[in-house]
Each structure stands twice: as structure tokens, then as C-alpha cells.
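Asks: Pasting structure-v9.cif here (mmCIF, C-alpha atoms):
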```
data_entry
loop_
_atom_site.label_atom_id
_atom_site.label_comp_id
_atom_site.auth_asym_id
_atom_site.auth_seq_id
_atom_site.Cartn_x
_atom_site.Cartn_y
_atom_site.Cartn_z
CA MET A 9 57.12 30.15 -76.60
CA LYS A 10 58.08 27.75 -73.83
CA LEU A 11 55.73 28.18 -70.88
CA LYS A 12 56.31 27.17 -67.30
CA ILE A 13 54.18 27.34 -64.18
CA GLY A 14 54.22 30.83 -62.71
CA ASP A 15 54.79 32.67 -66.02
CA ASN A 16 52.71 35.79 -66.63
CA ILE A 17 51.32 35.91 -70.17
CA VAL A 18 48.60 37.59 -72.20
CA TYR A 19 45.94 35.29 -73.61
CA GLY A 20 43.53 36.63 -76.24
CA GLY A 21 40.40 38.13 -74.74
CA SER A 22 41.25 36.87 -71.23
CA GLY A 23 44.07 39.40 -70.89
CA VAL A 24 46.89 39.01 -68.41
CA CYS A 25 47.03 35.52 -66.91
CA GLN A 26 49.41 33.43 -64.89
CA VAL A 27 50.22 29.87 -65.90
CA GLU A 28 48.85 28.06 -62.88
CA ASP A 29 49.51 24.52 -64.10
CA ILE A 30 50.43 22.40 -67.10
CA LYS A 31 48.74 19.05 -66.81
CA ASP A 32 46.90 16.25 -68.55
CA ILE A 33 43.13 16.57 -68.29
CA SER A 34 40.33 14.46 -69.69
CA PHE A 35 37.20 16.46 -70.48
CA PHE A 36 33.98 14.61 -71.37
CA HIS A 37 35.58 11.17 -71.06
CA GLU A 38 37.94 11.82 -73.96
CA GLU A 39 41.59 10.83 -74.07
CA PRO A 40 43.60 13.07 -71.75
CA GLN A 41 45.33 16.05 -73.34
CA THR A 42 47.96 18.36 -71.93
CA TYR A 43 46.50 21.77 -71.07
CA TYR A 44 47.94 25.09 -70.00
CA VAL A 45 45.81 26.08 -67.03
CA LEU A 46 45.68 29.89 -66.97
CA LYS A 47 44.42 32.04 -64.13
CA PRO A 48 43.38 35.53 -65.24
CA LEU A 49 45.06 38.08 -62.97
CA PHE A 50 43.04 40.93 -61.50
CA ALA A 51 39.80 39.05 -62.26
CA LYS A 52 36.92 39.80 -59.93
CA GLN A 53 35.62 36.26 -60.20
CA ALA A 54 37.76 33.18 -59.76
CA SER A 55 38.04 31.47 -63.11
CA LEU A 56 40.49 29.35 -65.04
CA VAL A 57 41.16 29.13 -68.76
CA TYR A 58 42.19 25.80 -70.26
CA VAL A 59 44.30 25.93 -73.43
CA PRO A 60 45.13 22.61 -75.11
CA LYS A 61 48.91 22.52 -75.60
CA GLU A 62 48.54 20.79 -79.00
CA ASN A 63 45.95 23.26 -80.36
CA SER A 64 48.20 25.62 -82.31
CA ALA A 65 45.35 28.08 -83.04
CA GLN A 66 44.66 28.59 -79.33
CA VAL A 67 48.32 28.48 -78.28
CA SER A 68 49.09 31.16 -80.88
CA ARG A 69 46.90 33.55 -78.86
CA ILE A 70 49.38 33.31 -75.94
CA HIS A 71 51.91 36.15 -75.85
CA PRO A 72 54.47 37.27 -73.32
CA VAL A 73 53.63 40.27 -71.17
CA MET A 74 55.45 43.33 -72.45
CA SER A 75 58.70 44.29 -70.77
CA LYS A 76 59.15 47.47 -68.77
CA LYS A 77 61.10 48.97 -71.68
CA GLU A 78 58.32 48.06 -74.14
CA ALA A 79 55.69 49.53 -71.80
CA ILE A 80 57.51 52.85 -71.50
CA SER A 81 58.11 52.97 -75.25
CA LEU A 82 54.43 52.25 -75.93
CA ILE A 83 53.30 54.96 -73.51
CA ASP A 84 55.65 57.38 -75.26
CA THR A 85 53.85 56.71 -78.59
CA LEU A 86 50.41 57.67 -77.24
CA PRO A 87 47.95 58.65 -78.55
CA ILE A 88 47.64 55.95 -81.20
CA THR A 89 45.03 56.48 -83.91
CA LEU A 90 42.98 53.54 -85.16
CA GLY A 91 40.85 54.20 -88.22
CA THR A 92 37.53 55.99 -88.14
CA TRP A 93 34.31 55.45 -86.26
CA ILE A 94 32.06 52.73 -87.71
CA ASP A 95 28.46 53.91 -87.76
CA ASP A 96 26.88 50.47 -88.21
CA ARG A 97 26.46 49.15 -84.67
CA ASN A 98 26.70 45.45 -85.57
CA GLU A 99 29.78 45.91 -87.74
CA ARG A 100 31.37 48.06 -85.03
CA LYS A 101 30.68 45.43 -82.37
CA GLU A 102 32.25 42.71 -84.53
CA LYS A 103 35.37 44.76 -85.36
CA PHE A 104 35.85 46.08 -81.82
CA ASN A 105 35.48 42.62 -80.25
CA ALA A 106 38.01 41.23 -82.75
CA VAL A 107 40.52 43.88 -81.68
CA ILE A 108 39.95 43.04 -78.00
CA ALA A 109 40.35 39.30 -78.60
CA ASN A 110 43.17 39.26 -81.15
CA GLY A 111 44.52 42.77 -81.60
CA THR A 112 48.02 43.98 -80.92
CA ARG A 113 48.69 46.30 -78.00
CA GLU A 114 48.88 49.20 -80.45
CA GLU A 115 45.50 48.28 -81.95
CA ILE A 116 43.90 48.04 -78.51
CA LEU A 117 45.35 51.42 -77.51
CA GLY A 118 44.13 52.86 -80.81
CA LEU A 119 40.68 51.42 -80.11
CA ILE A 120 40.65 53.08 -76.68
CA ASN A 121 41.60 56.41 -78.26
CA LEU A 122 38.94 56.03 -80.96
CA ILE A 123 36.16 55.31 -78.44
CA VAL A 124 37.29 58.05 -76.02
CA THR A 125 37.40 60.55 -78.89
CA HIS A 126 33.90 59.51 -80.01
CA ALA A 127 32.63 59.74 -76.42
CA SER A 128 34.03 63.26 -76.19
CA LEU A 129 32.18 64.27 -79.37
CA LEU A 130 28.96 62.75 -78.03
CA SER A 131 29.40 64.55 -74.73
CA LYS A 132 29.51 67.91 -76.53
CA GLU A 133 26.08 67.03 -77.95
CA GLY A 134 24.76 66.06 -74.50
CA LYS A 135 24.89 62.34 -75.39
CA HIS A 136 26.91 59.37 -74.15
CA LEU A 137 28.26 56.05 -75.40
CA ASN A 138 25.82 53.19 -75.76
CA ALA A 139 26.25 50.22 -73.41
CA GLN A 140 27.97 48.08 -76.07
CA ASP A 141 30.68 50.66 -76.78
CA ASP A 142 31.06 51.44 -73.09
CA ARG A 143 31.65 47.73 -72.37
CA VAL A 144 34.29 47.45 -75.12
CA LEU A 145 36.04 50.56 -73.77
CA TYR A 146 36.03 49.09 -70.26
CA GLU A 147 37.46 45.77 -71.48
CA ALA A 148 40.17 47.45 -73.57
CA LYS A 149 41.22 49.76 -70.73
CA ASN A 150 41.17 46.92 -68.25
CA ARG A 151 43.33 44.70 -70.44
CA MET A 152 45.92 47.41 -71.08
CA ASN A 153 45.91 48.66 -67.47
CA ASN A 154 46.60 45.13 -66.27
CA GLU A 155 49.41 44.50 -68.73
CA PHE A 156 51.03 47.89 -68.04
CA ALA A 157 50.72 47.17 -64.30
CA ILE A 158 52.57 43.85 -64.59
CA ALA A 159 55.24 45.31 -66.91
CA LEU A 160 55.84 48.38 -64.74
CA ASN A 161 55.36 46.62 -61.39
CA ILE A 162 52.59 48.98 -60.26
CA GLU A 163 48.94 48.57 -59.34
CA PRO A 164 46.45 48.70 -62.24
CA ASP A 165 44.72 51.66 -60.58
CA ASN A 166 47.96 53.68 -60.88
CA VAL A 167 48.40 53.19 -64.64
CA SER A 168 46.03 56.01 -65.58
CA GLU A 169 47.89 58.50 -63.40
CA LEU A 170 51.26 57.42 -64.79
CA ILE A 171 50.09 57.77 -68.40
CA GLN A 172 48.58 61.17 -67.66
CA GLN A 173 51.83 62.36 -66.04
CA LYS A 174 53.98 61.14 -68.96
CA THR A 175 51.72 62.18 -71.84
CA GLY A 176 49.12 64.63 -70.54
CA LEU A 177 46.43 62.28 -71.90
CA GLU A 178 43.44 61.22 -69.85
CA ILE A 179 42.40 58.31 -72.05
CA PHE A 180 42.65 55.82 -69.19
CA ALA A 181 40.78 57.97 -66.67
#
```
For this file, write the structure as C-alpha cells.

Replies:
Amino acid sequence: MKLKIGDNIVYGGSGVCQVEDIKDISFFHEEPQTYYVLKPLFAKQASLVYVPKENSAQVSRIHPVMSKKEAISLIDTLPITLGTWIDDRNERKEKFNAVIANGTREEILGLINLIVTHASLLSKEGKHLNAQDDRVLYEAKNRMNNEFAIALNIEPDNVSELIQQKTGLEIFA
């Protein structure tokens, strides 16, 4: 994937980013390396992500933002089912975080559906998600809302309404 300044991309756990710069940087007095300087879009805090251009493992986590056609097609496939609930909290945390950081769009949407379904079951028992699962759900929704927003040229806050109108699902609410 050939990147240029101004491109919108998805980078691992950082989500939707814009390539702000491609430049040589020397960290910790080492030889300068060429880095992709990524600015996460929709981030509440100003931050930059530096990805060494020659580090194939990190560069492989950069993907193009889905197209409008891909976004509509993906919405049309909802809901997506992803496995079953993992009772062991530590194992669940590890698996869920791996999906957020490295999962496909379908896996992330399946994760959202899995957590929302579990939350619904808990609600019927007068319970709610624990903070860890709630945080993962927030991160997954945020990442997908942001990517859908870029692909469909709408505000992230309008993604939930659009999905509900097209599918009748409230998984992004």
C-alpha cells in the first residue's frame, strides 16, 4: 500500500487516522528512520502515532478505509455473529483486545454484537457489563463508527441512526 500525506487509513488499535507526514526521525539518538506520522481522527486528545516505514510488522497493520460501497455492503450483512461468550475474564480480555487491535471489520462488528447480546441478557437479570467489557464495547463501536463515518461521508454520531434505519438494529446505540 503506497501511502501519501493526507490519506485516511485504519491503523490497528488506533482506528481511523490521517497520514500527517512521512519523514525521517531520530528517536533516542539512533540513526534516523523514515516514519509514517499518523494522526488519529476523531480523537479527543491530540496525539500522533509513529510507524517505522521499514517495520513490516507495524506497516502490515495499516489498511485503507473501506469504500462507500464496502460500508453499505457491510451494514447490509448485520448482525454478524462472533463465537460465544468467554466466561473467563482474563481470557476474554485477551481475545477481545486482540480483535480490537488486529481484527477484521467483520470480527469487530461480530464482537460488538456479542457484547451487546450479552449485555441484554445481563440486563434481564438486573445486571450490567463490567467495566472491562464496557470499555471494549466502547472502543469497538468508536472504531467502526469512525470508519463508517469516513466511508459514508457522515458524522460519527449519525452512524448509529443510519444503521438502525437500514437494519432495524440498535447495536450502535

Asks: The PyMOL selection byres ((chain A and resi 138-145) around 10) - which residues does that actually catch in the file I just gave you? List them as a list in words.

Replies: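 Those residues are Arg97, Asn98, Arg100, Lys101, Phe104, Asn105, Val107, Ile108, Ile116, Leu119, Ile120, Asn121, Leu122, Ile123, Val124, His126, Ala127, Lys135, His136, Leu137, Tyr146, Glu147, Ala148, Lys149, Asn150, Arg151 and Phe180 of chain A.
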
Asks: Closest to A:Thr92 among A:Gly21, A:Gly111, A:Gly118, A:Pro72, using all atoms listed in the file?

Replies: A:Gly118

Asks: May I ask for the distance between atom CA of A:Asn16 and atom CA of A:Arg113, given in Å to one decimal place?

Replies: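 Interatomic distance here is 16.0 Å.
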
Asks: Can you tell me, as a VMD selection string, what residues are no more than 6 Å from stretch 40-46 of chain A when counting only C-alpha atoms, ignoring any on the same chain fewer than 6 positions away?

Replies: chain A and resid 25 to 34 56 to 61

Asks: Of the candidates A:Ser75, A:Asn161, A:Ser22, A:Thr89, which one gets nearest to A:Glu115 if we count only C-alpha atoms?

Replies: A:Thr89

Asks: Find, counting all atoms listed in the file, the residue in A:Ile171, A:Ala54, A:Ser68, A:Glu39 that gets nearest to A:Thr85.

Replies: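 Checking each candidate against A:Thr85, we get A:Ile171 as the closest.
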
Asks: When you count all atoms listed in the file, which of these residues is closest to A:Asn153: A:Ala106, A:Leu11, A:Val24, A:Ile94?

Replies: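 For A:Asn153, the nearest of the given residues is A:Val24.
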
Asks: Identify which of the residues A:Ser168, A:Leu82, A:Ile158, A:Gly91 lies closest to A:Lys103, counting all atoms listed in the file when measuring atom-to-atom distances.

Replies: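 Looking only at the distances to A:Lys103, the closest residue turns out to be A:Gly91.
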
Asks: Nearest to A:Ser81 among A:Glu114, A:Glu102, A:His37, A:Trp93, with distances taken over only C-alpha atoms: which residue is it?

Replies: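 Once distances to A:Ser81 are computed over only C-alpha atoms, the minimum belongs to A:Glu114.
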
Asks: With the file shown as input, list the residues that the PyMOL selection byres ((chain A and resi 170) around 12) selects, as number ranges by chain.

Replies: A: 79-80, 83-84, 153, 156-157, 160, 162-169, 171-181

Asks: Atom CA of A:Phe50 to atom CA of A:Glu155: how many Å, to one decimal?

Replies: 10.3 Å

Asks: Could you complete stretch 101-112 of chain A so that it carries all heavy atoms, and give it back as a CSV table (one decimal), keeping the file's coordinate frame?

Replies:
```csv
chain,number,residue,atom,x,y,z
A,101,LYS,N,30.6,46.4,-83.4
A,101,LYS,CA,30.7,45.4,-82.4
A,101,LYS,C,31.6,44.3,-82.8
A,101,LYS,O,32.5,43.9,-82.0
A,101,LYS,CB,29.3,44.9,-82.0
A,101,LYS,CG,29.3,43.8,-81.0
A,101,LYS,CD,28.0,43.2,-80.7
A,101,LYS,CE,28.0,42.2,-79.6
A,101,LYS,NZ,26.7,41.6,-79.3
A,102,GLU,N,31.4,43.8,-84.0
A,102,GLU,CA,32.2,42.7,-84.5
A,102,GLU,C,33.7,43.1,-84.6
A,102,GLU,O,34.6,42.4,-84.2
A,102,GLU,CB,31.7,42.3,-85.9
A,102,GLU,CG,32.4,41.1,-86.5
A,102,GLU,CD,31.9,40.7,-87.8
A,102,GLU,OE1,30.6,40.7,-88.0
A,102,GLU,OE2,32.7,40.4,-88.7
A,103,LYS,N,34.0,44.3,-85.2
A,103,LYS,CA,35.4,44.8,-85.4
A,103,LYS,C,36.0,45.1,-84.0
A,103,LYS,O,37.2,44.7,-83.8
A,103,LYS,CB,35.4,46.0,-86.2
A,103,LYS,CG,34.9,45.8,-87.6
A,103,LYS,CD,35.9,46.0,-88.6
A,103,LYS,CE,35.3,45.9,-90.0
A,103,LYS,NZ,36.0,45.3,-91.0
A,104,PHE,N,35.3,45.7,-83.1
A,104,PHE,CA,35.8,46.1,-81.8
A,104,PHE,C,36.2,44.8,-81.0
A,104,PHE,O,37.2,44.7,-80.4
A,104,PHE,CB,34.9,47.0,-81.0
A,104,PHE,CG,34.9,48.4,-81.5
A,104,PHE,CD1,35.5,48.9,-82.7
A,104,PHE,CD2,34.1,49.4,-80.8
A,104,PHE,CE1,35.5,50.2,-83.1
A,104,PHE,CE2,34.1,50.7,-81.2
A,104,PHE,CZ,34.8,51.1,-82.4
A,105,ASN,N,35.3,43.9,-81.0
A,105,ASN,CA,35.5,42.6,-80.2
A,105,ASN,C,36.7,41.8,-80.8
A,105,ASN,O,37.4,41.2,-80.1
A,105,ASN,CB,34.2,41.8,-80.2
A,105,ASN,CG,33.2,42.3,-79.2
A,105,ASN,OD1,33.5,43.0,-78.3
A,105,ASN,ND2,31.9,42.0,-79.5
A,106,ALA,N,36.9,41.9,-82.1
A,106,ALA,CA,38.0,41.2,-82.8
A,106,ALA,C,39.3,41.9,-82.3
A,106,ALA,O,40.3,41.2,-82.0
A,106,ALA,CB,37.9,41.3,-84.3
A,107,VAL,N,39.3,43.2,-82.2
A,107,VAL,CA,40.5,43.9,-81.7
A,107,VAL,C,40.8,43.5,-80.2
A,107,VAL,O,41.9,43.2,-79.9
A,107,VAL,CB,40.4,45.4,-81.8
A,107,VAL,CG1,41.5,46.1,-81.1
A,107,VAL,CG2,40.4,45.8,-83.3
A,108,ILE,N,39.8,43.4,-79.4
A,108,ILE,CA,40.0,43.0,-78.0
A,108,ILE,C,40.5,41.6,-77.9
A,108,ILE,O,41.4,41.4,-77.1
A,108,ILE,CB,38.6,43.1,-77.2
A,108,ILE,CG1,38.1,44.6,-77.1
A,108,ILE,CG2,38.8,42.5,-75.8
A,108,ILE,CD1,38.9,45.5,-76.3
A,109,ALA,N,40.0,40.7,-78.7
A,109,ALA,CA,40.4,39.3,-78.6
A,109,ALA,C,41.7,39.0,-79.2
A,109,ALA,O,42.5,38.2,-78.7
A,109,ALA,CB,39.3,38.4,-79.2
A,110,ASN,N,42.0,39.7,-80.4
A,110,ASN,CA,43.2,39.3,-81.2
A,110,ASN,C,44.1,40.4,-81.6
A,110,ASN,O,45.1,40.2,-82.2
A,110,ASN,CB,42.7,38.5,-82.4
A,110,ASN,CG,41.9,37.3,-82.1
A,110,ASN,OD1,42.3,36.5,-81.3
A,110,ASN,ND2,40.7,37.2,-82.7
A,111,GLY,N,43.7,41.6,-81.2
A,111,GLY,CA,44.5,42.8,-81.6
A,111,GLY,C,45.9,42.9,-80.9
A,111,GLY,O,46.1,42.4,-79.8
A,112,THR,N,46.7,43.7,-81.5
A,112,THR,CA,48.0,44.0,-80.9
A,112,THR,C,47.8,45.0,-79.8
A,112,THR,O,46.7,45.6,-79.7
A,112,THR,CB,49.0,44.6,-82.0
A,112,THR,OG1,48.5,45.8,-82.4
A,112,THR,CG2,49.2,43.6,-83.1
```
